[in-house]
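Source file data27.cif; content: mmCIF, C-alpha atoms and all ligand atoms.
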data_query
#
loop_
_atom_site.label_atom_id
_atom_site.label_comp_id
_atom_site.auth_asym_id
_atom_site.auth_seq_id
_atom_site.Cartn_x
_atom_site.Cartn_y
_atom_site.Cartn_z
CA MET H 1 24.10 -91.02 -37.93
CA GLU H 2 23.60 -87.81 -39.88
CA SER H 3 20.72 -85.96 -41.51
CA LYS H 4 21.85 -87.11 -44.96
CA ASP H 5 21.58 -90.79 -43.99
CA ARG H 6 18.95 -93.07 -45.50
CA VAL H 7 18.16 -95.67 -42.87
CA GLN H 8 16.41 -98.97 -43.59
CA LEU H 9 14.87 -100.54 -40.48
CA ILE H 10 14.65 -104.30 -41.14
CA VAL H 11 12.88 -105.04 -37.86
CA ALA H 12 9.40 -105.66 -36.53
CA PRO H 13 7.29 -102.46 -36.75
CA ALA H 14 7.04 -102.09 -32.96
CA MET H 15 10.82 -102.06 -32.65
CA GLY H 16 11.28 -99.93 -35.75
CA LEU H 17 9.07 -97.21 -34.32
CA LEU H 18 11.43 -96.90 -31.33
CA PHE H 19 14.14 -95.72 -33.71
CA GLU H 20 12.05 -93.95 -36.32
CA ASN H 21 11.14 -90.93 -34.23
CA PRO H 22 14.70 -90.00 -33.13
CA LEU H 23 15.99 -90.58 -36.67
CA HIS H 24 13.30 -88.24 -38.04
CA ARG H 25 14.30 -85.60 -35.51
CA LEU H 26 17.84 -85.92 -36.76
CA GLY H 27 16.56 -85.30 -40.28
CA ALA H 28 17.45 -88.74 -41.62
CA MET H 29 15.19 -90.55 -44.05
CA THR H 30 13.79 -93.80 -42.65
CA ILE H 31 12.41 -96.83 -44.46
CA LEU H 32 10.52 -99.17 -42.12
CA SER H 33 10.61 -102.31 -44.26
CA GLY H 34 9.74 -104.91 -41.61
CA PRO H 35 11.43 -108.33 -41.28
CA GLY H 36 11.85 -111.03 -43.94
CA ASN H 37 11.30 -110.87 -47.74
CA THR H 38 14.98 -110.80 -48.63
CA VAL H 39 14.59 -110.03 -52.34
CA ALA H 40 12.49 -106.93 -51.60
CA GLN H 41 14.89 -105.79 -48.87
CA ALA H 42 17.85 -106.01 -51.25
CA GLN H 43 15.88 -104.14 -53.93
CA LEU H 44 15.04 -101.30 -51.51
CA ILE H 45 18.69 -100.95 -50.53
CA ARG H 46 19.69 -100.57 -54.17
CA ASP H 47 16.77 -98.42 -55.37
CA LEU H 48 16.87 -95.94 -52.47
CA GLY H 49 20.64 -95.78 -51.99
CA VAL H 50 20.37 -96.81 -48.34
CA SER H 51 23.40 -95.79 -46.27
CA CYS H 52 22.54 -97.46 -42.95
CA VAL H 53 20.71 -100.68 -42.11
CA PHE H 54 19.23 -101.77 -38.78
CA GLY H 55 18.52 -105.52 -38.38
CA VAL H 56 19.03 -108.86 -36.66
CA PRO H 57 22.66 -109.99 -37.25
CA SER H 58 21.88 -113.55 -38.39
CA TYR H 59 19.38 -112.19 -40.92
CA LEU H 60 21.78 -109.50 -42.13
CA LEU H 61 24.39 -112.21 -42.80
CA HIS H 62 21.78 -113.89 -44.97
CA LEU H 63 20.84 -110.63 -46.69
CA VAL H 64 24.41 -109.67 -47.54
CA GLU H 65 24.80 -112.93 -49.47
CA LYS H 66 21.92 -111.83 -51.71
CA LEU H 67 23.44 -108.42 -52.41
CA GLU H 68 25.77 -108.75 -55.32
CA GLY H 69 28.59 -106.25 -55.68
CA GLU H 70 29.15 -103.01 -53.80
CA THR H 71 26.22 -101.23 -52.15
CA SER H 72 25.72 -97.74 -50.77
CA VAL H 73 25.50 -99.13 -47.19
CA LYS H 74 28.25 -97.80 -44.91
CA LYS H 75 26.90 -98.54 -41.44
CA VAL H 76 24.99 -101.43 -39.91
CA VAL H 77 23.28 -101.47 -36.52
CA THR H 78 22.49 -104.92 -35.12
CA LEU H 79 19.72 -105.58 -32.61
CA GLY H 80 17.26 -108.25 -31.50
CA GLU H 81 19.90 -110.94 -31.11
CA ASN H 82 23.29 -111.23 -29.46
CA LEU H 83 26.08 -110.12 -31.81
CA THR H 84 29.19 -112.19 -31.14
CA GLU H 85 32.62 -110.84 -32.11
CA SER H 86 33.02 -113.40 -34.90
CA MET H 87 29.63 -112.37 -36.33
CA ARG H 88 30.67 -108.72 -36.23
CA ARG H 89 33.94 -109.42 -38.04
CA ARG H 90 32.13 -111.52 -40.66
CA LEU H 91 29.50 -108.84 -41.33
CA GLU H 92 32.15 -106.12 -41.61
CA ARG H 93 34.25 -108.16 -44.01
CA MET H 94 31.37 -109.42 -46.19
CA TRP H 95 29.64 -106.06 -46.47
CA ASN H 96 32.61 -103.68 -46.12
CA VAL H 97 30.69 -101.70 -43.48
CA GLU H 98 31.16 -100.56 -39.89
CA VAL H 99 28.96 -102.58 -37.53
CA TYR H 100 27.46 -101.05 -34.38
CA ASN H 101 25.84 -103.23 -31.74
CA ASP H 102 22.71 -102.32 -29.81
CA TYR H 103 21.66 -103.67 -26.45
CA GLY H 104 17.91 -103.34 -26.15
CA SER H 105 15.22 -104.44 -23.79
CA THR H 106 11.56 -104.54 -24.73
CA GLY H 107 10.50 -104.14 -21.10
CA LEU H 108 12.69 -101.08 -20.84
CA CYS H 109 11.59 -99.61 -24.22
CA ALA H 110 15.14 -98.44 -24.77
CA GLY H 111 18.25 -99.38 -26.70
CA PHE H 112 21.91 -98.60 -26.04
CA LEU H 113 24.44 -98.43 -28.87
CA ASP H 114 28.15 -98.99 -28.86
CA CYS H 115 30.32 -96.12 -30.11
CA ARG H 116 33.12 -95.88 -32.67
CA GLU H 117 35.41 -97.69 -30.22
CA HIS H 118 33.07 -100.73 -30.27
CA CYS H 119 33.83 -101.37 -26.66
CA GLY H 120 30.47 -102.09 -25.03
CA CYS H 121 27.03 -100.46 -25.32
CA HIS H 122 26.81 -97.06 -23.61
CA VAL H 123 23.94 -96.64 -21.12
CA PHE H 124 22.34 -93.20 -20.81
CA SER H 125 23.22 -92.96 -17.16
CA ASP H 126 21.28 -89.72 -16.64
CA ASN H 127 18.11 -91.73 -17.35
CA PHE H 128 18.89 -95.23 -16.14
CA LEU H 129 20.55 -96.62 -13.03
CA VAL H 130 22.43 -99.83 -13.81
CA GLU H 131 23.15 -102.60 -11.31
CA THR H 132 24.05 -106.27 -11.47
CA VAL H 133 22.80 -108.97 -9.11
CA ASP H 134 23.34 -112.64 -8.47
CA PRO H 135 20.56 -114.29 -10.53
CA LYS H 136 19.92 -116.85 -7.80
CA THR H 137 19.97 -114.71 -4.67
CA GLY H 138 19.26 -111.24 -6.06
CA GLU H 139 22.22 -109.90 -4.03
CA PRO H 140 24.26 -107.09 -5.66
CA THR H 141 27.43 -108.23 -7.44
CA ASP H 142 30.61 -106.55 -8.60
CA ASP H 143 29.49 -105.44 -12.09
CA LYS H 144 29.00 -108.95 -13.45
CA GLY H 145 25.69 -110.77 -13.17
CA GLU H 146 22.04 -110.26 -14.05
CA LEU H 147 21.40 -106.78 -15.38
CA VAL H 148 18.99 -104.69 -13.32
CA PHE H 149 17.62 -101.29 -14.41
CA THR H 150 15.90 -98.47 -12.58
CA THR H 151 14.41 -95.65 -14.64
CA LEU H 152 15.19 -92.23 -13.14
CA TYR H 153 12.86 -89.87 -15.00
CA ARG H 154 10.15 -91.99 -16.59
CA GLU H 155 6.61 -91.03 -15.71
CA GLY H 156 3.59 -93.30 -16.00
CA SER H 157 5.43 -96.58 -16.19
CA PRO H 158 8.60 -96.29 -14.09
CA LEU H 159 10.68 -99.41 -13.52
CA VAL H 160 12.32 -99.98 -10.16
CA ARG H 161 15.11 -102.55 -10.07
CA TYR H 162 13.75 -104.25 -13.19
CA ARG H 163 15.45 -107.62 -13.71
CA THR H 164 16.20 -108.20 -17.41
CA GLY H 165 17.18 -111.89 -17.31
CA ASP H 166 20.40 -110.98 -19.19
CA ILE H 167 23.85 -111.81 -17.86
CA VAL H 168 26.22 -108.91 -18.53
CA ARG H 169 29.54 -107.40 -17.57
CA VAL H 170 29.53 -103.66 -16.82
CA GLU H 171 32.61 -101.48 -17.31
CA ARG H 172 32.58 -98.02 -15.79
CA ASP H 173 35.94 -96.52 -16.75
CA ARG H 174 36.21 -93.76 -19.35
CA CYS H 175 35.70 -95.05 -22.90
CA GLY H 176 38.14 -94.21 -25.69
CA CYS H 177 35.39 -92.00 -27.19
CA GLY H 178 35.47 -89.78 -24.09
CA ARG H 179 32.14 -90.80 -22.57
CA THR H 180 32.09 -91.81 -18.93
CA SER H 181 28.76 -93.66 -18.93
CA PRO H 182 28.65 -97.39 -18.02
CA ARG H 183 29.16 -99.84 -20.89
CA LEU H 184 27.35 -103.17 -21.18
CA PHE H 185 28.86 -106.40 -22.51
CA PHE H 186 26.22 -109.06 -23.08
CA GLU H 187 27.31 -112.54 -21.95
CA GLY H 188 24.11 -114.63 -22.17
CA ARG H 189 20.57 -115.17 -20.97
CA ILE H 190 19.65 -116.79 -17.68
CA GLY H 191 18.65 -120.37 -18.43
CA ASP H 192 20.58 -120.50 -21.71
CA MET H 193 23.17 -122.87 -20.31
CA VAL H 194 22.40 -126.51 -21.11
CA LYS H 195 24.06 -129.71 -19.95
CA ILE H 196 25.25 -132.08 -22.66
CA LYS H 197 26.98 -135.29 -21.57
CA GLY H 198 27.48 -133.64 -18.20
CA SER H 199 29.28 -130.57 -19.62
CA ALA H 200 27.93 -127.03 -19.29
CA VAL H 201 27.34 -125.66 -22.80
CA TYR H 202 26.51 -122.05 -23.69
CA PRO H 203 24.83 -121.60 -27.12
CA THR H 204 26.41 -118.14 -27.47
CA THR H 205 29.89 -119.70 -27.21
CA LEU H 206 29.02 -122.29 -29.86
CA LYS H 207 27.67 -119.56 -32.13
CA ASP H 208 30.83 -117.51 -31.78
CA THR H 209 32.96 -120.59 -32.47
CA MET H 210 31.10 -121.53 -35.64
CA PHE H 211 31.15 -118.02 -37.11
CA SER H 212 34.92 -117.91 -36.59
CA ILE H 213 35.37 -120.92 -38.93
CA GLU H 214 35.62 -119.23 -42.30
CA PRO H 215 34.09 -121.77 -44.77
CA VAL H 216 30.99 -122.20 -42.57
CA SER H 217 28.15 -120.07 -43.94
CA ASN H 218 25.32 -121.31 -41.72
CA PHE H 219 24.73 -123.99 -39.11
CA GLN H 220 22.34 -125.44 -36.56
CA PHE H 221 23.11 -127.47 -33.44
CA VAL H 222 20.63 -130.20 -32.51
CA VAL H 223 20.83 -131.99 -29.17
CA SER H 224 18.93 -135.26 -28.84
CA ARG H 225 19.03 -138.38 -26.76
CA GLU H 226 19.70 -141.92 -27.91
CA GLY H 227 18.79 -144.25 -25.08
CA SER H 228 20.34 -142.58 -22.07
CA LEU H 229 23.10 -140.85 -24.07
CA ASP H 230 23.10 -137.21 -25.23
CA VAL H 231 23.99 -136.66 -28.87
CA LEU H 232 25.21 -133.32 -30.26
CA LEU H 233 24.71 -132.94 -34.00
CA VAL H 234 25.75 -129.86 -35.97
CA ARG H 235 24.26 -129.34 -39.43
CA VAL H 236 26.60 -127.22 -41.50
CA GLU H 237 26.24 -125.27 -44.72
CA ALA H 238 29.73 -124.69 -46.08
CA ASN H 239 31.22 -123.35 -49.27
CA ARG H 240 33.71 -126.19 -49.55
CA PRO H 241 32.73 -129.20 -47.41
CA SER H 242 35.72 -131.46 -46.77
CA GLU H 243 37.02 -133.95 -44.27
CA ALA H 244 39.56 -131.36 -43.10
CA LEU H 245 36.71 -128.92 -42.37
CA ARG H 246 34.77 -131.64 -40.57
CA ALA H 247 37.83 -132.33 -38.37
CA GLU H 248 38.29 -128.61 -37.69
CA ILE H 249 34.66 -128.18 -36.62
CA GLU H 250 34.85 -131.23 -34.34
CA GLU H 251 38.04 -129.95 -32.76
CA ARG H 252 36.89 -126.34 -32.30
CA VAL H 253 33.49 -127.29 -30.86
CA LYS H 254 35.12 -129.82 -28.53
CA ALA H 255 37.51 -127.09 -27.34
CA ALA H 256 34.57 -124.70 -26.77
CA CYS H 257 32.25 -127.01 -24.85
CA ASN H 258 34.09 -130.27 -24.16
CA VAL H 259 31.65 -132.27 -26.31
CA THR H 260 32.59 -133.70 -29.72
CA PRO H 261 29.76 -133.14 -32.21
CA THR H 262 28.66 -135.23 -35.16
CA VAL H 263 29.07 -133.00 -38.21
CA GLU H 264 26.56 -133.26 -41.05
CA PHE H 265 27.08 -131.16 -44.16
CA VAL H 266 23.80 -130.00 -45.70
CA PRO H 267 23.16 -128.26 -49.04
CA PRO H 268 23.56 -124.43 -49.02
CA GLY H 269 20.26 -122.71 -48.31
CA SER H 270 18.62 -125.73 -46.65
CA LEU H 271 18.68 -124.19 -43.15
CA SER H 272 16.06 -121.47 -42.78
CA ARG H 273 17.42 -117.94 -42.38
CA GLU H 274 14.38 -115.76 -42.74
CA ARG H 275 13.99 -113.29 -39.85
CA LYS H 276 16.07 -114.89 -37.08
CA THR H 277 18.07 -118.11 -37.35
CA ARG H 278 17.52 -120.83 -34.78
CA TYR H 279 21.08 -121.91 -34.11
CA PHE H 280 20.37 -124.27 -31.25
CA VAL H 281 17.59 -126.84 -30.88
CA ASP H 282 17.29 -129.09 -27.86
CA LEU H 283 15.01 -131.99 -28.68
CA ARG H 284 15.52 -133.60 -25.27
CA GLN H 285 13.62 -130.88 -23.49
CA ASP H 286 11.08 -130.47 -26.27
CA ALA H 287 9.94 -134.00 -25.59
CA TYR H 288 9.18 -133.06 -21.99
CA ALA H 289 8.24 -129.41 -22.49
CA ILE H 290 4.69 -129.25 -21.30
CA CYS H 291 3.54 -125.79 -20.31
CA PRO H 292 1.18 -125.58 -17.32
CA ARG H 293 -1.81 -124.73 -19.51
CA ALA H 294 -1.01 -127.45 -22.08
CA ARG H 295 -0.44 -129.95 -19.28
CA MET H 296 -4.12 -129.72 -18.45
CA TYR H 297 -4.95 -130.90 -21.97
CA GLY H 298 -2.01 -133.25 -22.23
CA ASN H 299 -0.53 -131.36 -25.18
CA PHE H 300 3.15 -131.10 -25.91
CA VAL H 301 4.59 -127.75 -26.89
CA PRO H 302 7.02 -128.37 -29.72
CA GLY H 303 10.04 -126.21 -30.30
CA SER H 304 10.22 -124.57 -26.89
CA ARG H 305 12.92 -125.26 -24.41
CA ARG H 306 12.10 -122.29 -22.19
CA THR H 307 8.81 -123.79 -21.14
CA PRO H 308 8.82 -124.44 -17.41
CA SER H 309 8.83 -128.09 -16.46
ZN ZN G 401 32.52 -95.04 -26.23
#

Here is a file; write its structure as structure tokens.
Ligand SMILES: [Zn+2]
Amino acid sequence: MESKDRVQLIVAPAMGLLFENPLHRLGAMTILSGPGNTVAQAQLIRDLGVSCVFGVPSYLLHLVEKLEGETSVKKVVTLGENLTESMRRRLERMWNVEVYNDYGSTGLCAGFLDCREHCGCHVFSDNFLVETVDPKTGEPTDDKGELVFTTLYREGSPLVRYRTGDIVRVERDRCGCGRTSPRLFFEGRIGDMVKIKGSAVYPTTLKDTMFSIEPVSNFQFVVSREGSLDVLLVRVEANRPSEALRAEIEERVKAACNVTPTVEFVPPGSLSRERKTRYFVDLRQDAYAICPRARMYGNFVPGSRRTPS
């Protein structure tokens, strides 16, 4: 980032403010445009000659489809959602930009960017101590496990061995850019793994698989139960739906998670993509997701599969 950059922050205001101050210090112009409202976002990019965009990757994939022709954008920073490698490649190709990933934690009030090598997000190791632990036992592990942070200089609200709930791999060798700080590779959230027909399925893996199938422009997995059987449905928006594409999706998803999905092609634009796309919906657990407070009133909590049982 340079002082001549014009940076559009397509994120919630609280997150945007985290970046606005350092960007101002650098001398860059910032536009805190908030999430959603795709037409206005595209207009701002064009009218102000924006050179760098910060945003959620699934939303940026939606936005780039609305931007016709070349734009002034040269760099994109993704945050707020896991960026898989196939998403990165797709964004770079569709927008002709360089994509940088950010690992951030709200509890930590900090974000860590990858560098020009795009080989993990660099932690500021003079400010943060990084460890990994076994998520079940809390015992230290060999740089793969639940990410744990300790702040070294923070006053007022220090964090000591703060457990993030994120599963990461940490690499500590020298990066190609010359930095020697630890680099984080996000691998998933604790509790993200679901069982479908007895197989362990990771939504991040399914997301990466679907974005690597070129004609697929958007999708949503829905798990439900018919009788005692699990059913995996994938709704797909595609440029050219065909039986060959259906067969490819079935084969690739089966290879990724050992479950063959039912593929349903839906009209382009029918799956919501404002703000952050919901790529995975588990209706089995929704039916039983009663949070402790709602349980008292006998209310179901729709749409949540993180609710404790
Ligand atoms: Zn580096």

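In this model, the gap between CA of Val56 in chain H and CA of Glu81 in chain H comes to 6.0 Å.
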
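Nearest residue to ligand ZN 401 (chain G) among H:Asp5, H:Glu237, H:Asp114, H:Glu98 is H:Asp114, counting all atoms listed in the file.
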
* To do: Could you please extract the residues within 12 Å of ligand ZN 401 (chain G), counting all atoms listed in the file, and hand them back as a list in words?
  => Tyr100, Asn101, Phe112, Leu113, Asp114, Cys115, Arg116, Glu117, His118, Cys119, Gly120, Cys121, His122, Val123, Phe124, Glu171, Arg172, Asp173, Arg174, Cys175, Gly176, Cys177, Gly178, Arg179, Thr180, Ser181, Pro182, Arg183 and Leu184 of chain H

* To do: Excluding Arg25 in chain H and residues on its chain fewer than 4 positions from it, collect all residues at most 12 Å away from it, counting all atoms listed in the file, and give them as an MDAnalysis selection string.
  => chainID H and resid 1:3 19:21 29:30

* **Atom pair CA of Val263 in chain H / CA of Thr78 in chain H: separation (Å)** =>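 So the two atoms, CA of Val263 in chain H and CA of Thr78 in chain H, lie 29.0 Å apart.
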
* Asked: Nearest to Phe54 in chain H: which of H:Lys75, H:Arg154, H:Lys144, H:Lys254 is it, counting all atoms listed in the file?
  -> H:Lys75

* Structure fact -> note - CA of Asp230 in chain H and CA of Lys136 in chain H are separated by 27.0 Å

* **H:Pro203, H:Glu251, H:Ser157, H:Pro261 ranked by distance to Arg278 in chain H, top pick (using all atoms listed in the file)** =>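 Of all the options, H:Pro203 lies closest to Arg278 in chain H.
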
* Which of H:Pro13, H:Gly269, H:Gly198, H:Gly55 sits closest to Cys257 in chain H [using all atoms listed in the file] ->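 Selected residue with least distance to Cys257 in chain H: H:Gly198.
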
* Asked: Which residue, H:Ser212, H:Asn239, H:Gln220, H:Gln43, has the smallest gap to Ser272 in chain H when you use all atoms listed in the file?
  -> H:Gln220

* Asked: If we count only C-alpha atoms, what is near Leu229 in chain H at a cut-off of 12 Å, once residues fewer than 2 positions away on the same chain are taken out, given as a list in words?
  ->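 The filter keeps Lys195, Ile196, Lys197, Gly198, Val223, Ser224, Arg225, Glu226, Gly227, Val231, Leu232 and Arg284 of chain H.
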